[in-house]
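Note sheet for the following structure.
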Amino acid sequence: MELTFLGTSAGVPTRERNVSALALRFSGSRGWLLFDCGEGTQHRILRSSLSLYTLEKIFITHLHGDHVYGLWGLLASRGMLLCETPLELYGPPGLRELVEGVWRLSRLTLPYDVEIRELSGGELLDFGGYTVRVLPLSHSITCYGYCLAEAERPGRFDPEAARRLGISEGPLRGRLQRGERVRLPDGKSVDPSEVLGPSRPGRRLAIAGDNDRPGLFASCAPLDLLVHEATYLQEDFDRLPRKFRHTTALQLGRAATEMGVGHLVATHFSPRYGSEEDLRRIEEEIHRQYRGRLTLARDLLTLKL
């Protein structure tokens, strides 16, 4: 499983950070998923190994501009590339009106079908090899987090056991690793259990939209990875004359510890934090509460889970 951060700034872009977008690609899959699509997302995609031809689904957390204003340009560019494979689009109520209104007024036509599904929160979407649970979050408008859980995975492949059975490197090993029974050239049949260890649980991760209650993700635990905003340092948030419904670094670290998160990725940083010293302070504030693995996201960072 591979995550590529396409935008990690809150509200407005900076010289180093675009606004929110995150790509997810499962191991062994050409297709990929996009979570949020802030303005300029397609420019970041051009600087990555991702292709609009293989984009399968887009999940929008909420309809604030820094999370959705890049959507129409991306859809149009995918059409200009003559992509014909369908695209699925998921998000909160109002998404259909927003998307189709721009299509209508700009007279945009696409060579591929777009299925738009508005969510109410609480759904469990089953895509075969993985599920996505839609978690309502706490923000100034309707906002969701997406909790992904892989199906149970085959056990680890034992190359020594395969060698003893006379199975050399090649397609037969790949089929066994995928859980398929195979027949050798001498007619002998080999079951995957002969070369695979015990089945492994699927990985679980959550991708948050804007949210001032990170503890809500406890309902998705256990989580191997949580991607969540850390928009402010606590002292800066406390001085704001008007409080916005975002999470501070201190709050995120505390919640991640309480939930037992395996790997925490902080993102969606206020543009006021532009220096390495600022990032060090955010990291230190999270680590005051959380001792697990921590990554501070940056644009075009790729993580493997």
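Within each chain, counting starts at residue 1; across the structure tokens, chains are named A, B, ... in the order shown, with ligands numbered 1 upward in that order.
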Determine, counting only C-alpha atoms, which protein, DNA and RNA residues have an atom within 8 Å of an atom of stretch 253-266 of chain A; residues of the same chain fewer than 2 positions away are not included. Present the result as an NGL selection string. :A and (214-215 or 217-218 or 221-230 or 249-251 or 268 or 285-297)
Non-local contacts of A:Glu150 (7 Å; only C-alpha atoms; under 4 positions in same chain excluded) as a VMD selection string: chain A and resid 129 to 131 202 to 204
Please save C-alpha atoms of the selected residues as a short mmCIF file (atom, residue, chain, number, x, y, z; two decimals), in the first residue's frame.
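Printed below is out-v7.cif as written:
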```cif
data_model
loop_
_atom_site.label_atom_id
_atom_site.label_comp_id
_atom_site.auth_asym_id
_atom_site.auth_seq_id
_atom_site.Cartn_x
_atom_site.Cartn_y
_atom_site.Cartn_z
CA GLY A 129 -10.44 -6.40 -1.65
CA TYR A 130 -11.08 -3.56 0.79
CA THR A 131 -13.85 -1.66 2.54
CA GLY A 202 -5.49 -6.72 6.30
CA ARG A 203 -4.00 -3.34 7.06
CA ARG A 204 -6.24 -0.60 8.44
#
```
Test item: residues at most 7 Å from A:Thr248, only C-alpha atoms, excluding those fewer than 5 positions along its chain, as a ChimeraX atom specification: /A:230-234
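Residues of stretch 157-224 of chain A that DSSP, applied to the backbone, places in strand (DSSP E or B): Phe157, Val182, Arg183, Ser189, Val190, Leu196, Arg200, Arg204, Leu205, Ala206 and Ile207 of chain A.
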Point out the residue among A:Pro136, A:Gly166, A:Gly155, A:Gly38 with the least atom-to-atom distance to A:Ser9, counting only C-alpha atoms. A:Gly38
Assign secondary structure with DSSP using the backbone only, and return the residues of stretch 61-241 of chain A in helix (DSSP H, G or I) as a count of residues only. 55
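Distance annotation: of A:Gly197, A:Phe269, A:Arg280, A:Gln42, the residue with the minimal separation from A:Arg298 is A:Phe269; atom set is only C-alpha atoms.
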For stretch 179-187 of chain A, list every protein, DNA or RNA residue within 7 Å, evaluated using only C-alpha atoms, and leave out those in the same chain fewer than 5 positions away; present the list as a list in words.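 Here the answer would be Pro154, Leu172 and Pro192 of chain A.
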Residues from the last selection, N, CA and C atoms, saved as a PDB file, in the first residue's frame:
```
ATOM      1  N   PRO A 154      -3.084 -13.286   2.099  1.00  0.00           N
ATOM      2  CA  PRO A 154      -2.406 -14.577   2.198  1.00  0.00           C
ATOM      3  C   PRO A 154      -1.165 -14.473   3.071  1.00  0.00           C
ATOM      4  N   LEU A 172       4.131 -19.379 -11.731  1.00  0.00           N
ATOM      5  CA  LEU A 172       3.502 -20.307 -10.790  1.00  0.00           C
ATOM      6  C   LEU A 172       3.640 -19.799  -9.360  1.00  0.00           C
ATOM      7  N   PRO A 192      -1.753 -23.620  -2.160  1.00  0.00           N
ATOM      8  CA  PRO A 192      -1.030 -22.472  -1.589  1.00  0.00           C
ATOM      9  C   PRO A 192      -0.574 -22.700  -0.152  1.00  0.00           C
TER      10      PRO A 192
END
```
